[in-house]
Amino acid sequence: MAPLNLTTESSILIIGAGTWGCSTALHLARRGYKNVTVLDPHPVPSPIAAGNDINKIMEHNELKDGASDPRSAAFSTFTRAALKAWKTDLVFQPYFHETGSIVSGHTPALIDHIREDEVEPSETNFIKLETAEDFRRTMPPGVLTGDFPGWKGWWHKSGAGWIHAKKAMISAFNEAKHLGVTFITSSPEGNVVSLVYEDGDVVGARTADGRVHRAHHTILSAGAGSDGLLDFKKQLRPTAWTLCHIQMHPEEVKRYRNLPVLFNIAKGFFMEPDEDKHELKICDEHPGYCNFLSDPDRPGQEKSVPFAKHQIPLEAEARARDFLRDTMPHLADRPLSFARICWDADTPDRAFLIDRHPEHPSLLVAVGGSGNGAMQMPTIGGFIADALESKLQKEVKDVVRWRPETAVDRDWRATQNRFGGPDRIMDFQKIGKDQWTKIGESRVRL
């Protein structure tokens with residue numbers, strides 16, 4: 001598809017000021033685009049953005065010898081570029097901590113899955129962990145005090161670690177703004193309620209204050225909220241995960257500094273405490289939650305509708321504490337200081353969706369992080385800009401194209417090769433009002 005007379009003078013509207021929206025704004029500004037506007041109902045960092053987080057995992061593994069899966073090759077291209085930029089781009093470099101990571105499981109089936117899918121055959125870049133003492137030695141004394149029942153894993157010391165997602169997103173936002181990008185991040189002025197169509201094409205967006213923001217090109221990059229603004233032909237499933245924080249003492253924070261990420265693919269993960277609030281983040285691992293409601297556009301069918309809540313189900317808290325009992329039992333009974341649900345949008349094959357809409361050529365969709373979006377922050381905007389300019393490299397373009405054929409008869413409850421919890425997609429509609437944590441109530445519809 002031709003780039004539709006795209007020039008650096010063209011007006012470009014970005015819907016969503018989260019991880020991908022801020023990255024895209026930055027890369028467009030760096031390429032000299034002079035008329036870029038970003039709309040979002042919340043100031044950056046939005047309280048409902050998945051990237052508004054004290055840490056996210058960042059890792060890159062090269063493809064195994066002989067690997068031919070185009071999706072894996074494309075994902076490796078994305079993460080290779082991101083890792084390089086986390087190390088070299090001054091906008092992002094301060095927020096990457098290359099502390100290494102540990103991937104592990106606690107049943108023979110899970111361990112076999114990791115060995116086959118996660119670890120290089122030579123294992124030259126991995127240290128195998130076979131006993132509880134092996135795990136404990138990866139961190140300073142007193143950090144890992146658990147018995148690690150049944151656990152085995154692999155320690156990857158380079159090319160992996162964690163990012164301070166919130167600070168990196170703010171940094172991208174500030175640099176984009178410095179380079180001339182206009183951000184309208186408030187409600188109702190930045191709250192997009194609909195796309196605007198003329199002659200079969202998208203010509204902009206309407207915000208809740210009634211204003212129409214016209215643009216030569218519109219980029220829809222609103223994460224899980226994107227599904228409410230466009231018919232994605234079932235290509236997006238808003239899916240949520242759960243996280244919580246534990247307050248740490250100042251002397252503990254010193255001991256917990258520069259730790260590798262510890263990830264059990266069916267129990268959960270943690271990273272070092274936040275340097276500002278001294279809070280340790282723990283995530284329980286599971287295939288995800290959806291919020292299934294009747295689909296108003298498809299009678300008799302359902303769809304997952306995201307909402308924001310700074311609480312998690314009690315069952316998620318219990319799973320997080322189970323993870324702690326295996327690894328750090330000295331923390332397992334501490335009260336939670338913070339919790340939230342965190343939304344993303346899954347595509348059927350968990351590959352990103354970055355393409356011009358086949359029926360609306362002025363609309364570019366940039367969605368479908370599928371649980372891997374935040375780590376791409378330094379460079380995903382460059383790939384999105386490439387798609388806008390119709391020069392995305394073929395091996396990537398073929399994978400991230402508009403592909404509704406992959407969603408025919410889609411099973412909304414597919415686990416998509418994720419593990420943990422009850423080994424199924426859970427439904428927030430089945431969580432009673434009294435089955436949530438009580439850290440403080442906040443619920444806002446996207």
# chains A, B, ... in the order shown; residues from 1 in each chain; ligands from 1
call {"tool": "residues_around", "arguments": {"residues": "stretch 277-294 of chain A", "least_positions_apart": "2", "cutoff": "7 Å", "atoms": "only C-alpha atoms", "output": "PyMOL selection string"}}
result
chain A and resi 238-248+253+265-275+296+301-306+316+319-320+415+418-421+423-429
call {"tool": "write_last_selection", "arguments": {"atoms": "C-alpha atoms", "output": "PDB file, in the first residue's frame"}}
result
ATOM      1  CA  PRO A 238      -8.252  -7.559  26.248  1.00  0.00           C
ATOM      2  CA  THR A 239      -6.571  -9.696  28.909  1.00  0.00           C
ATOM      3  CA  ALA A 240      -5.461  -8.672  32.393  1.00  0.00           C
ATOM      4  CA  TRP A 241      -2.797  -9.804  34.811  1.00  0.00           C
ATOM      5  CA  THR A 242      -2.379  -9.090  38.501  1.00  0.00           C
ATOM      6  CA  LEU A 243       0.430  -7.511  40.490  1.00  0.00           C
ATOM      7  CA  CYS A 244       1.026  -6.457  44.073  1.00  0.00           C
ATOM      8  CA  HIS A 245       3.672  -4.690  46.142  1.00  0.00           C
ATOM      9  CA  ILE A 246       5.136  -5.315  49.589  1.00  0.00           C
ATOM     10  CA  GLN A 247       6.765  -2.513  51.569  1.00  0.00           C
ATOM     11  CA  MET A 248      10.430  -3.224  52.314  1.00  0.00           C
ATOM     12  CA  VAL A 253      16.415  -2.637  49.977  1.00  0.00           C
ATOM     13  CA  ILE A 265       6.443 -19.781  34.382  1.00  0.00           C
ATOM     14  CA  ALA A 266       3.509 -21.134  36.409  1.00  0.00           C
ATOM     15  CA  LYS A 267       3.906 -19.440  39.813  1.00  0.00           C
ATOM     16  CA  GLY A 268       5.077 -15.873  39.357  1.00  0.00           C
ATOM     17  CA  PHE A 269       8.030 -13.514  39.338  1.00  0.00           C
ATOM     18  CA  PHE A 270       9.668 -10.656  41.202  1.00  0.00           C
ATOM     19  CA  MET A 271      12.295  -7.975  40.644  1.00  0.00           C
ATOM     20  CA  GLU A 272      14.252  -5.798  43.036  1.00  0.00           C
ATOM     21  CA  PRO A 273      12.435  -3.167  45.147  1.00  0.00           C
ATOM     22  CA  ASP A 274      11.557   0.226  43.727  1.00  0.00           C
ATOM     23  CA  GLU A 275      14.263   2.759  44.539  1.00  0.00           C
ATOM     24  CA  PRO A 296     -23.489  -5.274  21.549  1.00  0.00           C
ATOM     25  CA  GLN A 301     -21.650 -13.413  21.591  1.00  0.00           C
ATOM     26  CA  GLU A 302     -19.362 -12.009  24.258  1.00  0.00           C
ATOM     27  CA  LYS A 303     -16.267  -9.850  24.431  1.00  0.00           C
ATOM     28  CA  SER A 304     -13.769  -8.853  27.088  1.00  0.00           C
ATOM     29  CA  VAL A 305     -14.209  -5.242  28.203  1.00  0.00           C
ATOM     30  CA  PRO A 306     -11.339  -3.687  30.196  1.00  0.00           C
ATOM     31  CA  ALA A 316      -4.452 -13.714  43.001  1.00  0.00           C
ATOM     32  CA  ARG A 319      -1.129 -17.215  44.464  1.00  0.00           C
ATOM     33  CA  ALA A 320       1.426 -14.430  44.970  1.00  0.00           C
ATOM     34  CA  THR A 415      -4.640 -20.039  27.376  1.00  0.00           C
ATOM     35  CA  ARG A 418       0.563 -19.625  29.248  1.00  0.00           C
ATOM     36  CA  PHE A 419       0.672 -21.524  32.521  1.00  0.00           C
ATOM     37  CA  GLY A 420      -0.214 -21.141  36.171  1.00  0.00           C
ATOM     38  CA  GLY A 421      -3.237 -20.479  38.337  1.00  0.00           C
ATOM     39  CA  ASP A 423      -4.526 -23.268  33.888  1.00  0.00           C
ATOM     40  CA  ARG A 424      -7.444 -21.472  32.249  1.00  0.00           C
ATOM     41  CA  ILE A 425      -8.612 -17.945  31.450  1.00  0.00           C
ATOM     42  CA  MET A 426     -10.478 -16.504  34.416  1.00  0.00           C
ATOM     43  CA  ASP A 427     -13.449 -14.118  34.309  1.00  0.00           C
ATOM     44  CA  PHE A 428     -13.716 -11.008  36.477  1.00  0.00           C
ATOM     45  CA  GLN A 429     -17.494 -11.337  36.225  1.00  0.00           C
TER      46      GLN A 429
END
call {"tool": "closest_atom_pairs", "arguments": {"of": "stretch 275-365 of chain A", "to": "stretch 190-206 of chain A", "cutoff": "6 Å", "atoms": "only C-alpha atoms", "output": "CSV"}}
result
residue,atom,partner,partner_atom,distance
A:His360,CA,A:Asp201,CA,4.4
A:Ser362,CA,A:Val202,CA,5.9
A:Leu363,CA,A:Val202,CA,5.9
call {"tool": "write_last_selection", "arguments": {"atoms": "all heavy atoms", "output": "CSV table (one decimal), in the first residue's frame"}}
result
chain,number,residue,atom,x,y,z
A,360,HIS,N,-9.5,1.2,5.5
A,360,HIS,CA,-9.4,2.6,5.9
A,360,HIS,C,-7.9,3.0,5.8
A,360,HIS,O,-7.2,2.9,6.8
A,360,HIS,CB,-9.9,2.9,7.3
A,360,HIS,CG,-11.2,2.2,7.6
A,360,HIS,ND1,-12.4,2.5,6.9
A,360,HIS,CD2,-11.6,1.3,8.5
A,360,HIS,CE1,-13.4,1.8,7.3
A,360,HIS,NE2,-12.9,1.1,8.4
A,362,SER,N,-6.0,5.5,5.7
A,362,SER,CA,-5.3,6.5,6.5
A,362,SER,C,-5.2,6.1,8.0
A,362,SER,O,-4.7,6.9,8.8
A,362,SER,CB,-6.1,7.8,6.4
A,362,SER,OG,-6.1,8.3,5.1
A,363,LEU,N,-5.7,4.9,8.3
A,363,LEU,CA,-5.7,4.4,9.7
A,363,LEU,C,-4.6,3.3,9.8
A,363,LEU,O,-4.6,2.3,9.1
A,363,LEU,CB,-7.0,3.8,10.1
A,363,LEU,CG,-7.0,3.1,11.5
A,363,LEU,CD1,-6.8,4.1,12.6
A,363,LEU,CD2,-8.4,2.4,11.7
call {"tool": "select_by_dssp", "arguments": {"residues": "stretch 41-223 of chain A", "states": "strand (DSSP E)", "output": "count of residues only"}}
result
49
call {"tool": "closest_residue", "arguments": {"among": "A:Ile15, A:Asp69, A:Ile341, A:Thr107", "to": "A:Pro47", "atoms": "only C-alpha atoms"}}
result
A:Ile341
call {"tool": "residues_around", "arguments": {"residues": "A:Gly100", "least_positions_apart": "2", "cutoff": "9 Å", "atoms": "only C-alpha atoms", "output": "VMD selection string"}}
result
chain A and resid 59 97 to 98 102 155 to 162 259 to 261
call {"tool": "atom_distance", "arguments": {"atom1": "atom CA of A:Thr7", "atom2": "atom CA of A:Asn174"}}
result
23.9 Å
call {"tool": "residues_around", "arguments": {"residues": "A:Pro43", "least_positions_apart": "6", "cutoff": "9 Å", "atoms": "only C-alpha atoms", "output": "JSON, numbers by chain"}}
result
{"A": [17, 183, 184, 185, 186]}
call {"tool": "closest_residue", "arguments": {"among": "A:Ser187, A:Gly225, A:Phe352, A:Trp412", "to": "A:Gly210", "atoms": "only C-alpha atoms"}}
result
A:Ser187
call {"tool": "residues_around", "arguments": {"residues": "A:Gly432", "least_positions_apart": "4", "cutoff": "12 Å", "atoms": "only C-alpha atoms", "output": "list in words"}}
result
Ile312, Pro313, Leu314, Glu315, Asp427, Phe428, Trp436 and Thr437 of chain A
call {"tool": "closest_atom_pairs", "arguments": {"of": "stretch 151-226 of chain A", "to": "stretch 135-145 of chain A", "cutoff": "9 Å", "atoms": "only C-alpha atoms", "output": "Markdown table"}}
result
| residue | atom | partner | partner_atom | distance |
| --- | --- | --- | --- | --- |
| A:Trp151 | CA | A:Phe135 | CA | 8.9 |
| A:Lys152 | CA | A:Phe135 | CA | 8.5 |
| A:Gly153 | CA | A:Phe135 | CA | 8.3 |
| A:Trp155 | CA | A:Thr138 | CA | 8.2 |
call {"tool": "atom_distance", "arguments": {"atom1": "atom CA of A:Pro422", "atom2": "atom CA of A:Pro335"}}
result
24.1 Å
call {"tool": "residues_around", "arguments": {"residues": "A:Trp20", "least_positions_apart": "5", "cutoff": "7 Å", "atoms": "only C-alpha atoms", "output": "list in words"}}
result
Ser221, Met377, Ile380 and Gly381 of chain A
call {"tool": "write_last_selection", "arguments": {"atoms": "N, CA and C atoms", "output": "short mmCIF file (atom, residue, chain, number, x, y, z; two decimals), in the first residue's frame"}}
result
data_model
loop_
_atom_site.label_atom_id
_atom_site.label_comp_id
_atom_site.auth_asym_id
_atom_site.auth_seq_id
_atom_site.Cartn_x
_atom_site.Cartn_y
_atom_site.Cartn_z
N SER A 221 -3.32 3.34 18.93
CA SER A 221 -2.35 2.66 19.78
C SER A 221 -2.77 2.81 21.24
N MET A 377 9.75 -0.72 24.30
CA MET A 377 9.53 0.72 24.33
C MET A 377 10.53 1.56 23.53
N ILE A 380 9.92 0.23 19.45
CA ILE A 380 8.65 -0.14 18.80
C ILE A 380 8.11 1.02 17.98
N GLY A 381 8.31 2.25 18.45
CA GLY A 381 7.85 3.41 17.70
C GLY A 381 8.53 3.54 16.35
#
call {"tool": "select_by_dssp", "arguments": {"residues": "stretch 79-321 of chain A", "states": "alpha helix (DSSP H)", "output": "ChimeraX atom specification"}}
result
/A:79-88,108-117,132-136,165-178,250-255,314-321
call {"tool": "closest_residue", "arguments": {"among": "A:Lys84, A:His164, A:Arg31, A:Lys234", "to": "A:Thr19", "atoms": "only C-alpha atoms"}}
result
A:His164
call {"tool": "residues_around", "arguments": {"residues": "A:Leu236", "least_positions_apart": "5", "cutoff": "12 Å", "atoms": "only C-alpha atoms", "output": "PyMOL selection string"}}
result
chain A and resi 222-231+290+303-306+343-353+365-370+402-404+406-407+410-412
call {"tool": "write_last_selection", "arguments": {"atoms": "N, CA, C and O atoms", "output": "short mmCIF file (atom, residue, chain, number, x, y, z; two decimals), in the first residue's frame"}}
result
data_model
loop_
_atom_site.label_atom_id
_atom_site.label_comp_id
_atom_site.auth_asym_id
_atom_site.auth_seq_id
_atom_site.Cartn_x
_atom_site.Cartn_y
_atom_site.Cartn_z
N ALA A 222 -3.99 2.39 21.52
CA ALA A 222 -4.56 2.59 22.85
C ALA A 222 -4.59 1.30 23.67
O ALA A 222 -5.42 1.16 24.57
N GLY A 223 -3.71 0.37 23.37
CA GLY A 223 -3.62 -0.85 24.15
C GLY A 223 -4.92 -1.61 24.18
O GLY A 223 -5.62 -1.74 23.16
N ALA A 224 -5.28 -2.11 25.35
CA ALA A 224 -6.51 -2.89 25.49
C ALA A 224 -7.75 -2.06 25.17
O ALA A 224 -8.78 -2.60 24.77
N GLY A 225 -7.65 -0.74 25.32
CA GLY A 225 -8.77 0.12 25.01
C GLY A 225 -9.04 0.27 23.52
O GLY A 225 -10.10 0.76 23.12
N SER A 226 -8.10 -0.16 22.68
CA SER A 226 -8.27 -0.03 21.22
C SER A 226 -9.47 -0.81 20.72
O SER A 226 -10.14 -0.40 19.76
N ASP A 227 -9.74 -1.93 21.37
CA ASP A 227 -10.82 -2.81 20.91
C ASP A 227 -12.19 -2.13 21.00
O ASP A 227 -13.12 -2.52 20.30
N GLY A 228 -12.31 -1.10 21.83
CA GLY A 228 -13.57 -0.39 21.95
C GLY A 228 -13.76 0.70 20.91
O GLY A 228 -14.82 1.32 20.85
N LEU A 229 -12.73 0.95 20.09
CA LEU A 229 -12.80 2.02 19.10
C LEU A 229 -12.84 1.53 17.67
O LEU A 229 -13.08 2.31 16.75
N LEU A 230 -12.61 0.22 17.46
CA LEU A 230 -12.54 -0.32 16.11
C LEU A 230 -12.91 -1.79 16.15
O LEU A 230 -12.59 -2.49 17.12
N ASP A 231 -13.58 -2.25 15.11
CA ASP A 231 -13.87 -3.68 14.98
C ASP A 231 -12.61 -4.39 14.49
O ASP A 231 -12.22 -4.26 13.33
N CYS A 290 -10.16 -12.15 31.93
CA CYS A 290 -10.96 -11.32 31.02
C CYS A 290 -12.19 -10.82 31.76
O CYS A 290 -12.50 -11.30 32.86
N LYS A 303 -17.59 -10.44 24.63
CA LYS A 303 -16.27 -9.85 24.43
C LYS A 303 -15.72 -9.43 25.79
O LYS A 303 -16.49 -9.22 26.74
N SER A 304 -14.41 -9.30 25.86
CA SER A 304 -13.77 -8.85 27.09
C SER A 304 -13.66 -7.34 27.07
O SER A 304 -13.14 -6.75 26.12
N VAL A 305 -14.18 -6.70 28.11
CA VAL A 305 -14.21 -5.24 28.20
C VAL A 305 -13.32 -4.80 29.38
O VAL A 305 -13.60 -5.15 30.53
N PRO A 306 -12.26 -4.06 29.11
CA PRO A 306 -11.34 -3.69 30.20
C PRO A 306 -11.91 -2.63 31.14
O PRO A 306 -12.76 -1.82 30.76
N TRP A 343 -3.86 -4.43 32.16
CA TRP A 343 -4.45 -4.92 30.92
C TRP A 343 -3.48 -4.86 29.75
O TRP A 343 -2.67 -3.95 29.63
N ASP A 344 -3.60 -5.86 28.89
CA ASP A 344 -2.93 -5.86 27.59
C ASP A 344 -3.94 -6.41 26.59
O ASP A 344 -5.07 -6.72 26.95
N ALA A 345 -3.53 -6.52 25.33
CA ALA A 345 -4.42 -7.06 24.31
C ALA A 345 -3.72 -8.20 23.58
O ALA A 345 -2.66 -8.00 22.98
N ASP A 346 -4.31 -9.38 23.65
CA ASP A 346 -3.75 -10.57 23.02
C ASP A 346 -4.26 -10.73 21.60
O ASP A 346 -5.47 -10.69 21.36
N THR A 347 -3.36 -10.96 20.66
CA THR A 347 -3.75 -11.41 19.33
C THR A 347 -3.85 -12.94 19.36
O THR A 347 -3.34 -13.58 20.29
N PRO A 348 -4.49 -13.56 18.35
CA PRO A 348 -4.64 -15.02 18.39
C PRO A 348 -3.32 -15.78 18.43
O PRO A 348 -3.23 -16.85 19.05
N ASP A 349 -2.28 -15.23 17.77
CA ASP A 349 -0.99 -15.92 17.75
C ASP A 349 0.06 -15.23 18.61
O ASP A 349 1.23 -15.59 18.58
N ARG A 350 -0.36 -14.20 19.35
CA ARG A 350 0.49 -13.43 20.25
C ARG A 350 1.60 -12.67 19.52
O ARG A 350 2.57 -12.24 20.12
N ALA A 351 1.46 -12.51 18.20
CA ALA A 351 2.34 -11.60 17.46
C ALA A 351 1.70 -10.22 17.44
O ALA A 351 0.48 -10.08 17.53
N PHE A 352 2.52 -9.19 17.36
CA PHE A 352 2.01 -7.83 17.35
C PHE A 352 1.14 -7.60 16.11
O PHE A 352 1.21 -8.35 15.13
N LEU A 353 0.32 -6.54 16.15
CA LEU A 353 -0.53 -6.16 15.03
C LEU A 353 -0.20 -4.71 14.68
O LEU A 353 -0.62 -3.78 15.38
N VAL A 365 -3.06 0.67 12.64
CA VAL A 365 -3.25 0.09 13.97
C VAL A 365 -1.88 -0.37 14.49
O VAL A 365 -1.07 -0.92 13.74
N ALA A 366 -1.63 -0.11 15.76
CA ALA A 366 -0.38 -0.52 16.40
C ALA A 366 -0.75 -1.04 17.78
O ALA A 366 -0.76 -0.29 18.77
N VAL A 367 -1.09 -2.31 17.83
CA VAL A 367 -1.70 -2.90 19.03
C VAL A 367 -1.20 -4.34 19.19
O VAL A 367 -0.35 -4.81 18.45
N GLY A 368 -1.77 -5.02 20.19
CA GLY A 368 -1.50 -6.45 20.35
C GLY A 368 -0.18 -6.76 21.02
O GLY A 368 0.55 -7.67 20.61
N GLY A 369 0.14 -6.03 22.10
CA GLY A 369 1.38 -6.29 22.82
C GLY A 369 1.48 -7.72 23.33
O GLY A 369 2.58 -8.25 23.50
N SER A 370 0.34 -8.33 23.63
CA SER A 370 0.28 -9.75 24.00
C SER A 370 1.23 -10.12 25.14
O SER A 370 1.84 -11.19 25.16
N TRP A 402 -2.36 -7.12 9.30
CA TRP A 402 -3.79 -7.31 9.60
C TRP A 402 -4.16 -8.71 9.15
O TRP A 402 -3.99 -9.07 7.99
N ARG A 403 -4.66 -9.55 10.06
CA ARG A 403 -4.82 -10.97 9.74
C ARG A 403 -6.08 -11.56 10.41
O ARG A 403 -5.97 -12.47 11.25
N PRO A 404 -7.27 -11.10 10.04
CA PRO A 404 -8.49 -11.60 10.69
C PRO A 404 -8.72 -13.08 10.47
O PRO A 404 -9.47 -13.70 11.23
N THR A 406 -6.82 -15.36 11.21
CA THR A 406 -6.30 -16.09 12.36
C THR A 406 -7.28 -16.11 13.52
O THR A 406 -7.09 -16.85 14.49
N ALA A 407 -8.34 -15.29 13.43
CA ALA A 407 -9.30 -15.17 14.54
C ALA A 407 -10.64 -15.81 14.22
O ALA A 407 -11.58 -15.69 15.01
N ARG A 410 -12.47 -17.93 16.91
CA ARG A 410 -11.50 -17.80 18.00
C ARG A 410 -12.08 -18.23 19.32
O ARG A 410 -13.22 -17.88 19.67
N ASP A 411 -11.30 -18.99 20.06
CA ASP A 411 -11.67 -19.41 21.41
C ASP A 411 -11.22 -18.33 22.38
O ASP A 411 -10.03 -18.17 22.65
N TRP A 412 -12.18 -17.56 22.89
CA TRP A 412 -11.83 -16.47 23.79
C TRP A 412 -11.16 -16.97 25.07
O TRP A 412 -10.51 -16.19 25.77
#
call {"tool": "atom_distance", "arguments": {"atom1": "atom CA of A:Gly180", "atom2": "atom CA of A:Tyr33"}}
result
8.9 Å
call {"tool": "closest_residue", "arguments": {"among": "A:Ala208, A:Val119, A:Leu28, A:Ala132", "to": "A:Ala172", "atoms": "only C-alpha atoms"}}
result
A:Leu28
